[in-house]
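For reference, protein.cif is printed below; it contains mmCIF, C-alpha atoms.
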```
data_target
loop_
_atom_site.label_atom_id
_atom_site.label_comp_id
_atom_site.auth_asym_id
_atom_site.auth_seq_id
_atom_site.Cartn_x
_atom_site.Cartn_y
_atom_site.Cartn_z
CA TRP A 465 -63.15 16.79 -42.35
CA ARG A 466 -62.58 19.60 -44.82
CA VAL A 467 -62.59 23.33 -44.42
CA LEU A 468 -63.06 25.26 -47.63
CA PHE A 469 -63.20 29.03 -47.25
CA GLY A 470 -63.90 31.22 -50.28
CA ALA A 471 -62.31 34.61 -49.70
CA PRO A 472 -64.91 36.73 -51.57
CA ARG A 473 -67.77 35.15 -49.66
CA VAL A 474 -66.04 35.63 -46.30
CA ALA A 475 -65.31 39.26 -47.05
CA ALA A 476 -68.93 39.87 -47.96
CA ALA A 477 -70.19 38.22 -44.79
CA GLU A 478 -67.77 40.04 -42.50
CA HIS A 479 -69.36 43.44 -42.41
CA ARG A 480 -72.94 42.15 -42.25
CA SER A 481 -72.27 40.01 -39.17
CA ILE A 482 -70.13 42.56 -37.32
CA SER A 483 -72.50 45.39 -38.12
CA ALA A 484 -75.42 43.39 -36.77
CA ALA A 485 -73.53 42.65 -33.57
CA MET A 486 -72.57 46.32 -33.20
CA ALA A 487 -76.17 47.37 -33.75
CA PHE A 488 -77.24 44.99 -31.00
CA ALA A 489 -74.60 46.39 -28.67
CA SER A 490 -75.75 49.93 -29.42
CA ALA A 491 -79.37 48.98 -28.76
CA VAL A 492 -78.49 47.88 -25.22
CA GLY A 493 -76.32 50.92 -24.70
CA GLY A 494 -73.03 49.03 -25.01
CA SER A 495 -73.50 47.86 -21.44
CA ASN A 496 -71.30 45.18 -19.99
CA PRO A 497 -72.97 43.71 -16.88
CA ASP A 498 -71.60 40.74 -15.00
CA GLY A 499 -73.74 38.21 -16.88
CA VAL A 500 -72.21 36.30 -19.76
CA GLU A 501 -74.67 37.80 -22.22
CA GLY A 502 -73.16 41.20 -21.42
CA ARG A 503 -69.51 40.26 -21.82
CA ALA A 504 -67.99 42.25 -24.64
CA VAL A 505 -64.95 42.53 -26.87
CA ARG A 506 -63.68 45.78 -28.37
CA VAL A 507 -63.94 45.94 -32.14
CA GLU A 508 -62.66 49.13 -33.76
CA GLY A 509 -63.25 51.16 -30.63
CA ARG A 510 -66.72 49.83 -29.83
CA GLU A 511 -67.98 47.22 -27.38
CA VAL A 512 -69.49 44.21 -29.16
CA LEU A 513 -71.21 41.50 -27.13
CA VAL A 514 -69.38 38.19 -27.39
CA ALA A 515 -72.58 36.12 -27.40
CA GLU A 516 -74.13 38.15 -30.18
CA LEU A 517 -70.93 38.15 -32.21
CA LEU A 518 -70.86 34.36 -32.02
CA ARG A 519 -74.52 33.97 -32.98
CA GLN A 520 -74.09 36.09 -36.09
CA GLY A 521 -71.51 33.66 -37.47
CA PRO A 522 -72.43 30.96 -40.03
CA LEU A 523 -70.89 28.14 -37.94
CA TYR A 524 -72.66 28.91 -34.67
CA SER A 525 -75.54 26.42 -34.75
CA ALA A 526 -73.42 23.63 -36.23
CA CYS A 527 -70.69 24.00 -33.61
CA PHE A 528 -72.57 25.10 -30.49
CA GLY A 529 -76.00 23.59 -31.10
CA ALA A 530 -79.23 25.52 -30.84
CA GLU A 531 -77.86 27.69 -28.02
CA ALA A 532 -74.52 27.86 -26.25
CA ASP A 533 -74.80 27.42 -22.50
CA THR A 534 -73.36 29.84 -19.95
CA GLU A 535 -70.26 27.76 -19.32
CA SER A 536 -69.50 27.55 -23.05
CA LEU A 537 -69.85 31.31 -23.48
CA ARG A 538 -67.52 32.01 -20.56
CA ALA A 539 -64.97 29.64 -22.09
CA VAL A 540 -65.34 31.35 -25.47
CA GLU A 541 -64.63 34.74 -23.93
CA THR A 542 -61.45 33.45 -22.28
CA ARG A 543 -60.29 31.67 -25.42
CA GLY A 544 -61.08 34.68 -27.58
CA ARG A 545 -58.92 36.98 -25.51
CA LEU A 546 -56.10 34.42 -25.59
CA LEU A 547 -56.24 34.18 -29.38
CA ALA A 548 -56.39 37.96 -29.75
CA ASP A 549 -53.20 38.24 -27.67
CA ILE A 550 -51.49 35.43 -29.62
CA LEU A 551 -52.46 36.53 -33.12
CA PHE A 552 -52.71 40.30 -32.81
CA GLY A 553 -50.86 41.21 -29.61
CA ASP A 554 -48.32 44.03 -29.42
CA GLU A 555 -44.78 43.76 -28.09
CA THR A 556 -46.16 43.41 -24.54
CA GLY A 557 -48.28 40.45 -25.62
CA HIS A 558 -51.59 42.28 -25.14
CA SER A 559 -53.98 42.76 -28.03
CA ARG A 560 -55.28 46.07 -29.26
CA ASP A 561 -58.83 46.65 -30.46
CA LEU A 562 -59.73 44.07 -33.09
CA CYS A 563 -60.68 45.11 -36.60
CA HIS A 564 -63.73 43.59 -38.32
CA SER A 565 -61.90 40.77 -40.08
CA GLU A 566 -59.92 39.83 -36.96
CA ALA A 567 -63.05 39.59 -34.83
CA VAL A 568 -64.75 37.46 -37.47
CA ARG A 569 -61.73 35.17 -37.73
CA ILE A 570 -61.58 34.55 -33.97
CA TYR A 571 -65.24 34.47 -32.93
CA GLN A 572 -66.96 33.19 -36.04
CA TYR A 573 -64.33 30.83 -37.43
CA TYR A 574 -61.53 29.68 -35.10
CA LEU A 575 -63.51 29.37 -31.86
CA PRO A 576 -66.55 27.61 -33.37
CA LEU A 577 -64.20 25.09 -35.01
CA TYR A 578 -62.40 24.55 -31.71
CA GLN A 579 -65.75 23.98 -30.00
CA TRP A 580 -66.72 21.50 -32.72
CA ILE A 581 -63.49 19.54 -32.21
CA LEU A 582 -64.03 19.47 -28.43
CA SER A 583 -67.57 18.14 -28.83
CA ARG A 584 -66.48 15.41 -31.25
CA LEU A 585 -63.61 14.46 -28.95
CA ALA A 586 -66.00 14.16 -26.00
CA GLN A 587 -68.37 12.00 -28.07
CA ARG A 588 -65.52 9.76 -29.16
CA ARG A 589 -64.24 9.28 -25.63
CA ALA A 590 -67.73 8.47 -24.37
CA GLN A 591 -68.14 5.88 -27.11
CA GLN A 592 -64.76 4.32 -26.32
CA GLU A 593 -65.61 4.14 -22.63
CA SER A 594 -68.97 2.51 -23.30
CA LEU A 595 -67.27 -0.12 -25.48
CA GLY A 596 -64.39 -0.57 -23.08
CA THR A 597 -61.83 0.17 -25.78
CA ALA A 598 -58.56 2.04 -25.40
CA ALA A 599 -58.75 5.80 -25.83
CA GLY A 600 -56.70 6.63 -28.91
CA PRO A 601 -56.12 9.98 -30.59
CA MET A 602 -58.63 11.69 -32.84
CA PHE A 603 -57.43 12.96 -36.22
CA VAL A 604 -58.79 16.21 -37.69
CA GLY A 605 -57.88 16.94 -41.30
CA ILE A 606 -57.91 20.52 -42.59
CA THR A 607 -57.55 21.39 -46.24
CA CYS A 608 -58.03 24.54 -48.30
CA PRO A 609 -56.22 26.29 -51.19
CA GLN A 610 -52.66 27.51 -50.81
CA GLY A 611 -52.55 30.72 -48.77
CA GLY A 612 -55.97 30.04 -47.25
CA GLY A 613 -54.72 30.18 -43.66
CA LYS A 614 -54.26 26.51 -42.70
CA THR A 615 -51.04 27.13 -40.79
CA THR A 616 -52.44 30.08 -38.83
CA LEU A 617 -55.60 28.14 -37.99
CA VAL A 618 -53.66 25.10 -36.80
CA THR A 619 -51.35 27.31 -34.74
CA ALA A 620 -54.38 28.84 -33.04
CA LEU A 621 -55.96 25.44 -32.36
CA THR A 622 -52.77 23.93 -30.94
CA ARG A 623 -52.26 26.94 -28.65
CA LEU A 624 -55.83 26.58 -27.40
CA PHE A 625 -55.36 22.88 -26.70
CA SER A 626 -52.10 23.59 -24.89
CA SER A 627 -53.69 26.33 -22.76
CA GLU A 628 -56.28 23.80 -21.56
CA HIS A 629 -53.68 21.08 -20.88
CA LYS A 630 -54.73 18.89 -23.79
CA VAL A 631 -52.17 17.05 -25.91
CA CYS A 632 -52.23 18.00 -29.59
CA ALA A 633 -49.75 17.23 -32.37
CA ALA A 634 -49.78 19.05 -35.70
CA LEU A 635 -48.53 17.76 -39.03
CA SER A 636 -48.58 19.20 -42.52
CA ILE A 637 -48.52 17.29 -45.79
CA ASP A 638 -45.50 19.49 -46.54
CA ASP A 639 -43.61 17.67 -43.79
CA PHE A 640 -43.67 14.56 -45.97
CA TYR A 641 -41.99 15.99 -49.05
CA LEU A 642 -39.17 13.89 -50.47
CA THR A 643 -35.69 14.78 -49.31
CA HIS A 644 -33.70 17.16 -51.49
CA ALA A 645 -31.66 14.26 -52.91
CA GLU A 646 -34.78 12.18 -53.61
CA GLN A 647 -36.49 15.12 -55.33
CA ASN A 648 -33.45 15.64 -57.54
CA GLU A 649 -33.43 11.94 -58.45
CA LEU A 650 -37.13 12.12 -59.30
CA ALA A 651 -36.57 15.13 -61.55
CA GLU A 652 -33.69 13.40 -63.33
CA ARG A 653 -35.80 10.29 -63.99
CA HIS A 654 -38.52 12.42 -65.58
CA PRO A 655 -36.71 15.27 -67.38
CA GLY A 656 -39.64 15.89 -69.70
CA ASN A 657 -42.22 16.33 -66.92
CA PRO A 658 -42.16 19.90 -65.54
CA LEU A 659 -44.53 18.89 -62.70
CA LEU A 660 -41.85 16.68 -61.16
CA GLN A 661 -38.93 19.09 -61.33
CA LEU A 662 -39.82 20.77 -58.04
CA ARG A 663 -41.70 19.80 -54.88
CA GLY A 664 -45.41 20.38 -54.48
CA ASN A 665 -47.15 18.14 -56.98
CA PHE A 666 -48.31 14.55 -56.73
CA GLY A 667 -45.29 12.28 -56.66
CA SER A 668 -43.13 14.62 -54.61
CA HIS A 669 -44.22 13.23 -51.23
CA ASP A 670 -42.88 10.30 -49.22
CA THR A 671 -46.19 8.45 -48.83
CA ALA A 672 -44.55 5.53 -47.01
CA LEU A 673 -43.22 7.89 -44.32
CA ALA A 674 -46.62 9.56 -44.05
CA ARG A 675 -48.44 6.26 -43.63
CA CYS A 676 -45.92 5.00 -41.07
CA THR A 677 -46.17 8.21 -39.04
CA LEU A 678 -49.98 8.31 -39.03
CA GLU A 679 -50.23 4.63 -38.10
CA ALA A 680 -47.80 5.18 -35.21
CA LEU A 681 -49.88 8.10 -33.95
CA ALA A 682 -53.12 6.12 -34.30
CA SER A 683 -51.65 3.30 -32.23
CA GLY A 684 -51.31 5.61 -29.25
CA ARG A 685 -47.61 4.92 -28.85
CA PRO A 686 -45.72 7.62 -26.90
CA ASN A 687 -42.89 9.73 -28.32
CA VAL A 688 -43.76 9.28 -31.98
CA LEU A 689 -41.33 11.22 -34.16
CA LEU A 690 -43.01 13.86 -36.34
CA PRO A 691 -41.08 14.71 -39.53
CA ARG A 692 -40.36 18.34 -40.31
CA TYR A 693 -39.44 19.97 -43.61
CA THR A 694 -37.27 23.07 -44.10
CA LYS A 695 -38.44 24.95 -47.19
CA SER A 696 -35.59 27.46 -47.06
CA ALA A 697 -32.85 24.81 -47.41
CA HIS A 698 -30.79 24.63 -50.63
CA GLN A 699 -31.65 28.16 -51.75
CA GLY A 700 -35.38 27.56 -51.36
CA ARG A 701 -35.55 24.15 -53.01
CA GLY A 702 -36.10 22.65 -49.56
CA ASP A 703 -35.06 19.51 -47.70
CA ARG A 704 -36.31 17.32 -44.89
CA ALA A 705 -34.97 18.45 -41.54
CA PRO A 706 -32.53 16.14 -39.73
CA GLU A 707 -34.29 13.62 -37.49
CA SER A 708 -32.73 15.33 -34.47
CA GLU A 709 -34.91 18.36 -35.26
CA TRP A 710 -38.18 16.45 -35.54
CA ASP A 711 -40.87 16.92 -32.90
CA ARG A 712 -42.33 14.23 -30.67
#
```

Please render this file's structure as structure tokens.
Amino acid sequence: WRVLFGAPRVAAAEHRSISAAMAFASAVGGSNPDGVEGRAVRVEGREVLVAELLRQGPLYSACFGAEADTESLRAVETRGRLLADILFGDETGHSRDLCHSEAVRIYQYYLPLYQWILSRLAQRRAQQESLGTAAGPMFVGITCPQGGGKTTLVTALTRLFSSEHKVCAALSIDDFYLTHAEQNELAERHPGNPLLQLRGNFGSHDTALARCTLEALASGRPNVLLPRYTKSAHQGRGDRAPESEWDR
């Protein structure tokens, strides 16, 4: 599964979707009755209905279906407030009013993707139960250009899973870089190839370690060691963290 987000297109869509949601909120007087449809989030000092904010997003129908039910919308409101506190909270841990781009990120990107993963996970478990097979983990791959927000997205998703008592492990392709010594050896073997002098390009990853780790996770074995890489080691040239610092 791939997520490709073009920054110019996102920026252009931001203000249209938020403005439409704000207009809707204004039309109903910014009311916030007890019903889910009236639940609101504050965006730049104004009340914006959560349900309408969701519907204005490009991922809504693909991730929630034709219409999100009441239970789903209540869950979205709770998750949205949690993410706002995590990503944009102050020193007390409570979020301020969201700006346009922050509201779009949470309610039209992160939460729809989380809902999509939950639905696929439920489908997979149902299929496994019907076949009488063991329930193994589901892998979700996320890729986009450097600086596109993969780490922040994965952090948000793992925090959501944790808050709902679901087990989630996160790995990055960066965690499988060669060790510092191995990278130096690679560079020395290919002195005329500038692409192999530093980490980052094809050939600078330990593919055997990656395959072994993913196969161990797929098997459902407990306490699988997850490699970690420290980019700041050796004056920024990086090195694999000691195994004692790996996650399980």

Exercise for review: Evaluate the PyMOL selection byres ((chain A and resi 671) around 12) on the structure here and hand back the selected residues as a PyMOL selection string.
Suggested key: chain A and resi 637-642+666-670+672-678

Review point. For Glu628 in chain A, which residue out of A:Leu582, A:Ala645, A:Leu577, A:Ala680 is the nearest one, using all atoms listed in the file?
Key: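 Comparing A:Leu582, A:Ala645, A:Leu577, A:Ala680 against Glu628 in chain A, the winner is A:Leu582.
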
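CA of Leu562 in chain A to CA of Gly612 in chain A spans 20.3 Å [interatomic distance, one decimal].
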
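Closest approach to Val505 in chain A among A:Ala567, A:Leu546, A:Ala590, A:Ala539 is made by A:Ala567 (distances from all atoms listed in the file).
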
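Residue nearest Ser683 in chain A, chosen from A:Ala530, A:Ala598, A:Ala586, A:Leu523 and counting all atoms listed in the file: A:Ala598.
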
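Here CA of Gly613 in chain A stands at a distance of 14.7 Å from CA of Leu575 in chain A.
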
How would range 513-539 of chain A look with N, CA and C atoms restored, written as a short mmCIF file (atom, residue, chain, number, x, y, z; two decimals), in the coordinates of the input?
```cif
data_model
loop_
_atom_site.label_atom_id
_atom_site.label_comp_id
_atom_site.auth_asym_id
_atom_site.auth_seq_id
_atom_site.Cartn_x
_atom_site.Cartn_y
_atom_site.Cartn_z
N LEU A 513 -70.92 42.62 -28.02
CA LEU A 513 -71.21 41.50 -27.13
C LEU A 513 -70.70 40.20 -27.72
N VAL A 514 -69.96 39.44 -26.92
CA VAL A 514 -69.38 38.19 -27.39
C VAL A 514 -70.45 37.23 -27.85
N ALA A 515 -71.52 37.07 -27.06
CA ALA A 515 -72.58 36.12 -27.40
C ALA A 515 -73.23 36.48 -28.73
N GLU A 516 -73.48 37.75 -28.94
CA GLU A 516 -74.13 38.15 -30.18
C GLU A 516 -73.19 38.01 -31.37
N LEU A 517 -71.93 38.30 -31.16
CA LEU A 517 -70.93 38.15 -32.21
C LEU A 517 -70.84 36.70 -32.65
N LEU A 518 -70.87 35.78 -31.70
CA LEU A 518 -70.86 34.36 -32.02
C LEU A 518 -72.09 33.97 -32.82
N ARG A 519 -73.27 34.39 -32.36
CA ARG A 519 -74.52 33.97 -32.98
C ARG A 519 -74.65 34.46 -34.42
N GLN A 520 -74.00 35.55 -34.74
CA GLN A 520 -74.09 36.09 -36.09
C GLN A 520 -73.25 35.30 -37.08
N GLY A 521 -72.38 34.42 -36.59
CA GLY A 521 -71.51 33.66 -37.47
C GLY A 521 -72.21 32.48 -38.12
N PRO A 522 -71.78 32.06 -39.30
CA PRO A 522 -72.43 30.96 -40.03
C PRO A 522 -72.20 29.59 -39.42
N LEU A 523 -71.21 29.45 -38.52
CA LEU A 523 -70.89 28.14 -37.94
C LEU A 523 -71.50 27.94 -36.56
N TYR A 524 -72.21 28.94 -36.06
CA TYR A 524 -72.66 28.91 -34.67
C TYR A 524 -73.53 27.69 -34.36
N SER A 525 -74.61 27.50 -35.08
CA SER A 525 -75.54 26.42 -34.75
C SER A 525 -74.92 25.05 -34.95
N ALA A 526 -74.05 24.92 -35.97
CA ALA A 526 -73.42 23.63 -36.23
C ALA A 526 -72.40 23.27 -35.16
N CYS A 527 -71.77 24.27 -34.55
CA CYS A 527 -70.69 24.00 -33.61
C CYS A 527 -71.11 24.13 -32.14
N PHE A 528 -72.13 24.92 -31.87
CA PHE A 528 -72.57 25.10 -30.49
C PHE A 528 -73.95 24.51 -30.23
N GLY A 529 -74.64 24.07 -31.27
CA GLY A 529 -76.00 23.59 -31.10
C GLY A 529 -76.97 24.74 -31.18
N ALA A 530 -78.19 24.49 -30.74
CA ALA A 530 -79.23 25.52 -30.84
C ALA A 530 -78.86 26.76 -30.03
N GLU A 531 -78.21 26.55 -28.87
CA GLU A 531 -77.86 27.69 -28.02
C GLU A 531 -76.69 27.30 -27.13
N ALA A 532 -75.66 28.12 -27.12
CA ALA A 532 -74.52 27.86 -26.25
C ALA A 532 -74.91 28.12 -24.80
N ASP A 533 -74.47 27.23 -23.91
CA ASP A 533 -74.80 27.42 -22.50
C ASP A 533 -73.84 28.44 -21.88
N THR A 534 -74.14 28.81 -20.64
CA THR A 534 -73.36 29.84 -19.95
C THR A 534 -71.89 29.46 -19.83
N GLU A 535 -71.64 28.20 -19.48
CA GLU A 535 -70.26 27.76 -19.32
C GLU A 535 -69.49 27.85 -20.64
N SER A 536 -70.15 27.48 -21.74
CA SER A 536 -69.50 27.55 -23.05
C SER A 536 -69.17 28.99 -23.42
N LEU A 537 -70.07 29.91 -23.14
CA LEU A 537 -69.85 31.31 -23.48
C LEU A 537 -68.71 31.90 -22.65
N ARG A 538 -68.64 31.53 -21.39
CA ARG A 538 -67.52 32.01 -20.56
C ARG A 538 -66.20 31.50 -21.12
N ALA A 539 -66.19 30.22 -21.52
CA ALA A 539 -64.97 29.64 -22.09
C ALA A 539 -64.60 30.34 -23.38
#
```
